[in-house]
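Peer 1: Could you have a look at this structure, given as structure tokens, before my questions?
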Amino acid sequence: MKKILITGCSSGFGYLAAKYLAEKGHHVIATMRNVDSKNLKPAAELKEFAKTNNYKMEVLEMDVTSDESVKAAAAKLPTIDVLINNAGLGYGGAMEAFSPDAVLAQLDLNIVGNIRVAQAVLPGMRAQKSGLIIQLSSVAGRGAFPAFGVYNASKWGVEGLSEAMRYELAPFGIDVAIVEPGPFETKFFGNLVQAENEEVAQAYQHVKEFADGFAQNVMNLFADENAPTDPMIIVRIFEDLINAEPGTRPLRTIGGLDFGLQKLNDVVDPIRKELLEGMGIAELDGVKK
């Protein structure tokens with residue numbers, strides 16, 4: 001049994017992962033913000049699910065954009081074996097139409113939020129000389145698209161942060177693995193934060209046309225029962241990483257529709273490893289058996 005902390009459990013991958021991993025016998029700490037207001041319903045559902053089935057699960061308030069919230073939650077946590085940094089949101093629209101404050105909010109949620117939570121659990125992981133941190137990126141962290149530049153920036157940031165974390169934490173027995181979902185039947189598109197400056201946004205009709213067409217194509221895929229858009233694909237990737245032996249976990253795993261970006265990962269990984277060899281730090285590429 002692993003003690004697993006999951007952020008962003010109000011919906012999507014986090015909600016499903018909390019239930020699934022509890023069913024598998026793990027001790028799950030499912031976190032989300034606004035457990036007593038906006039997210040009262042999913043919080044209550046997870047609590048009832050755990051109580052009815054006698055599963056080891058706790059639901060905890062945590063806003064990853066708040067130092068105080070993360071610290072308050074961390075004070076209630078046991079030593080964590082696995083952190084799934086899942087909380088996040090997307091901002092959609094032409095870059096020029098976003099205010100600098102909006103861009104900072106996107107980066108704070110998707111990048112700094114990961115850092116806050118990792119810093120909360122790492123002292124315990126280092127002390128026990130073991131652990132696993134799963135970082136949620138996206139295929140948008142490997143390729144860039146019109147209308148998603150601000151979101152791309154956040155997920156490309158997650159990629160660089162996570163890769164560096166892998167090298168820094170390996171000597172402590174802590175693995176870091178990145179999961180890169182394609183589009184899935186979650187609330188991502190419905191929760192997409194639009195650019196505030198409508199006047200500027202109107203100048204970018206080609207961006208809007210691409211975004212509208214892309215969204216429609218994705219919705220069509222969701223209606224195709226043969227398309228790999230079931231969110232459980234990602235949850236099972238989490239499970240595979242958790243169950244894998246330390247030293248065997250890949251740095252990057254794409255799940256679902258990859259838009260051909262698996263080829264990029266396949267080409268880049270040997271180059272990455274050559275770079276580490278050249279720098280004399282190849283032994284830092286993940287926990288060694």
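As shown in the structure tokens, the chain order sets the letters A, B, ...; within each chain, residues go from 1, and ligands are also counted from 1 in the order they appear.
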Would you please give, as a tab-separated table (two decimals) with N, CA, C and O atoms, in the first residue's frame, all residues of stretch 130-195 of chain A that DSSP assigns to alpha helix (DSSP H) based on the backbone?

Peer 2:
chain	number	residue	atom	x	y	z
A	149	GLY	N	-0.84	29.45	-26.72
A	149	GLY	CA	0.53	29.85	-26.39
A	149	GLY	C	0.78	30.00	-24.90
A	149	GLY	O	1.83	29.59	-24.39
A	150	VAL	N	-0.16	30.62	-24.19
A	150	VAL	CA	0.02	30.81	-22.75
A	150	VAL	C	0.00	29.46	-22.03
A	150	VAL	O	0.81	29.18	-21.14
A	151	TYR	N	-0.92	28.60	-22.44
A	151	TYR	CA	-0.98	27.24	-21.88
A	151	TYR	C	0.27	26.45	-22.27
A	151	TYR	O	0.86	25.76	-21.43
A	152	ASN	N	0.68	26.57	-23.54
A	152	ASN	CA	1.92	25.91	-23.97
A	152	ASN	C	3.09	26.33	-23.09
A	152	ASN	O	3.89	25.49	-22.67
A	153	ALA	N	3.19	27.62	-22.81
A	153	ALA	CA	4.29	28.11	-21.98
A	153	ALA	C	4.30	27.43	-20.62
A	153	ALA	O	5.36	27.05	-20.10
A	154	SER	N	3.11	27.26	-20.04
A	154	SER	CA	3.04	26.63	-18.72
A	154	SER	C	3.44	25.16	-18.78
A	154	SER	O	4.16	24.66	-17.90
A	155	LYS	N	3.00	24.46	-19.80
A	155	LYS	CA	3.30	23.03	-19.88
A	155	LYS	C	4.73	22.77	-20.35
A	155	LYS	O	5.36	21.78	-19.93
A	156	TRP	N	5.25	23.64	-21.22
A	156	TRP	CA	6.67	23.51	-21.55
A	156	TRP	C	7.50	23.75	-20.29
A	156	TRP	O	8.54	23.13	-20.08
A	157	GLY	N	7.04	24.67	-19.44
A	157	GLY	CA	7.72	24.90	-18.18
A	157	GLY	C	7.68	23.69	-17.27
A	157	GLY	O	8.67	23.36	-16.60
A	158	VAL	N	6.54	23.01	-17.23
A	158	VAL	CA	6.43	21.78	-16.44
A	158	VAL	C	7.43	20.74	-16.93
A	158	VAL	O	8.06	20.03	-16.13
A	159	GLU	N	7.60	20.66	-18.24
A	159	GLU	CA	8.54	19.70	-18.81
A	159	GLU	C	9.97	19.98	-18.33
A	159	GLU	O	10.66	19.07	-17.86
A	160	GLY	N	10.42	21.23	-18.44
A	160	GLY	CA	11.78	21.56	-18.03
A	160	GLY	C	11.98	21.40	-16.53
A	160	GLY	O	13.00	20.87	-16.08
A	161	LEU	N	11.00	21.86	-15.76
A	161	LEU	CA	11.06	21.71	-14.31
A	161	LEU	C	11.17	20.25	-13.92
A	161	LEU	O	12.02	19.87	-13.10
A	162	SER	N	10.34	19.41	-14.51
A	162	SER	CA	10.27	18.00	-14.12
A	162	SER	C	11.54	17.26	-14.51
A	162	SER	O	12.01	16.39	-13.75
A	163	GLU	N	12.08	17.59	-15.68
A	163	GLU	CA	13.31	16.92	-16.10
A	163	GLU	C	14.45	17.25	-15.14
A	163	GLU	O	15.21	16.37	-14.74
A	164	ALA	N	14.57	18.53	-14.75
A	164	ALA	CA	15.60	18.92	-13.80
A	164	ALA	C	15.38	18.26	-12.44
A	164	ALA	O	16.33	17.81	-11.78
A	165	MET	N	14.10	18.19	-12.01
A	165	MET	CA	13.78	17.53	-10.73
A	165	MET	C	14.23	16.07	-10.75
A	165	MET	O	14.71	15.55	-9.75
A	166	ARG	N	14.04	15.41	-11.88
A	166	ARG	CA	14.42	13.99	-11.98
A	166	ARG	C	15.91	13.81	-11.65
A	166	ARG	O	16.29	12.91	-10.90
A	167	TYR	N	16.75	14.71	-12.20
A	167	TYR	CA	18.18	14.60	-11.97
A	167	TYR	C	18.56	15.00	-10.54
A	167	TYR	O	19.47	14.42	-9.95
A	168	GLU	N	17.87	15.98	-9.99
A	168	GLU	CA	18.18	16.44	-8.64
A	168	GLU	C	17.76	15.44	-7.57
A	168	GLU	O	18.43	15.32	-6.53
A	169	LEU	N	16.67	14.73	-7.80
A	169	LEU	CA	16.09	13.90	-6.76
A	169	LEU	C	16.51	12.43	-6.82
A	169	LEU	O	16.34	11.70	-5.84

Peer 1: Taking 4 positions as the minimum chain separation for residues in the same chain, which residues sit within 12 Å of A:Lys19 when counting only C-alpha atoms? Answer as a PyMOL selection string.

Peer 2: chain A and resi 4+6+9-15+23-30+42-43+45-51+53-59+232+235

Peer 1: At a cut-off of 9 Å, can you tabulate as a Markdown table every residue of stretch 41-110 of chain A near stretch 196-208 of chain A together with its closest atom pair and the distance in Å to one decimal, using only C-alpha atoms and ordering rows by chain then number?

Peer 2:
| residue | atom | partner | partner_atom | distance |
| --- | --- | --- | --- | --- |
| A:Gly93 | CA | A:Ala201 | CA | 7.2 |
| A:Ala94 | CA | A:Ala201 | CA | 6.3 |
| A:Met95 | CA | A:Ala201 | CA | 8.8 |
| A:Glu96 | CA | A:Val200 | CA | 7.0 |
| A:Ala97 | CA | A:Asn197 | CA | 4.8 |
| A:Phe98 | CA | A:Glu196 | CA | 6.0 |
| A:Ser99 | CA | A:Glu196 | CA | 7.3 |
| A:Ala102 | CA | A:Glu196 | CA | 8.5 |

Peer 1: In Å, with one decimal, what is the gap from atom CA of A:Leu104 to atom CA of A:Leu60?

Peer 2: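 A separation of 25.8 Å between them.
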
Peer 1: Which residue out of A:Leu89, A:Val82, A:Leu132, A:Leu107 has the minimum interatomic distance to A:Lys187 when only C-alpha atoms are used?

Peer 2: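 Under the stated criterion, the closest residue is A:Leu89.
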
Peer 1: Closest to A:Leu192 among A:Leu109, A:Ile133, A:Gly92, A:Leu5, using only C-alpha atoms?

Peer 2: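 Between A:Leu109, A:Ile133, A:Gly92, A:Leu5, the residue approaching A:Leu192 most closely is A:Gly92.
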
Peer 1: When you look at stretch 277-287 of chain A with a cut-off of 10 Å (counting only C-alpha atoms), what residues show up, excluding the ones that are within fewer than 3 positions of it in the same chain? I need them as a list in words.

Peer 2: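 So, after excluding close chain neighbours, the residues are Ser130, Gly131, Leu132, Glu163, Ala164, Met165, Arg166, Tyr167, Glu168, Leu169, Ala170, Pro171, Phe172, Gly173, Ile174, Asp175, Val176, Ala177, Glu245, Pro246, Gly247, Thr248, Arg249, Pro250, Leu251, Ile271, Arg272, Lys273 and Glu274 of chain A.
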